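Trainee: The structure's right below; bear with me while I get my questions together.
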Amino acid sequence: MGTDPRFVELKRRLKVFVFPMSIAFFAWYLLYVLMSAFARDTMAIVLFGSVNVALVFGLLQFATTFGIAFLYARYAARRLDPLAEELRAELSGAADDRATVEAGVAVGGSGGKAVNE
C-alpha cells in the first residue's frame with residue numbers, strides 16, 4: 001500500500017496543504033506573541049471603546065483557526081477524500097476477497113458440512 005502511486009499522491013496532496021498552512025499560522029501566531037512582548041505600545045493602541053490592537057489580534061487568532069479548518073474541509077473534500085475513498089474501497093474489496101478465501105480454507109472445501117457426518 002505504501003508504494004501505491006495513488007497513496008503516494010494522497011500523501012503529497014496532504015503535505016501541499018498542511019505544511020504551508022502550518023508555517024503561515026505559526027508565523028501569524030509568532031507575530032502576535034512577539035508584538036505582545038516587544039511592541040507593547042502598538043498593542044495597547046485603543047481602536048474604540050476598550051478594544052485595543054492586542055484584543056483584536058487575539059480574536060483574529062481564533063478566526064484564523066476556524067478559517068483554516070474551513071479551508072481544510074473544502075480542500076479535503078475536493079482533493080483528498082475522492083482518492084482516499086477509491087483506495088479504501090479497493091482495500092476493503094481485497095480484504096473481503098481474502099476473508100472469503102480464508103473462510104473456504106477453514107471449512108476445508110466441504111461446503112460447510114462437518115467432516116464427520
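Starting from 1 in every chain, residues are counted up; chains themselves are A, B, ... following the order of the C-alpha cells, and ligands are numbered from 1 as listed.
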Residues at most 8 Å from stretch 6-15 of chain A, counting only C-alpha atoms, excluding those fewer than 3 positions away in the same chain, as number ranges by chain?
Mentor: A: 1-3, 18-19, 79-80, 83-84, 87
Trainee: Excluding A:Leu55 and any residue of its chain fewer than 4 positions from it, enumerate the residues within 10 Å of it, using only C-alpha atoms, and give them as a count of residues only.
Mentor: 9
Trainee: Using only C-alpha atoms, pick whichever of A:Asn52, A:Gly67, A:Phe57, A:Gly93 has the shortest atom-to-atom distance to A:Trp28.
Mentor: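 When distances to A:Trp28 are compared using only C-alpha atoms, the smallest one comes from A:Phe57.
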Trainee: Hey, what's within 10 Å of A:Ile68 if we count only C-alpha atoms and toss same-chain stuff fewer than 3 positions away? As a VMD selection string, please?
Mentor: chain A and resid 18 21 to 22 25 62 to 65 71 to 74
Trainee: Filtering to C-alpha atoms, could you give me those residues as a compact mmCIF listing (two decimals), in the first residue's frame?
Mentor:
# COMPACT_ATOMS: atom_id res chain seq x y z
CA VAL A 18 -0.69 21.14 5.68
CA MET A 21 -0.75 26.42 6.16
CA SER A 22 1.07 25.35 9.33
CA PHE A 25 -0.31 30.06 11.00
CA PHE A 62 -9.44 32.25 16.78
CA ALA A 63 -10.88 33.44 13.48
CA THR A 64 -7.77 32.19 11.68
CA THR A 65 -8.07 28.78 13.33
CA LEU A 71 -10.38 25.69 4.14
CA TYR A 72 -9.02 22.26 5.04
CA ALA A 73 -12.51 20.72 4.98
CA ARG A 74 -13.10 22.15 1.49
Trainee: Ranking A:Phe48, A:Asp4, A:Phe17, A:Ala54 by minimum distance to A:Ala69 and counting only C-alpha atoms, which one comes first?
Mentor: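 Comparing A:Phe48, A:Asp4, A:Phe17, A:Ala54 against A:Ala69, the winner is A:Phe17.
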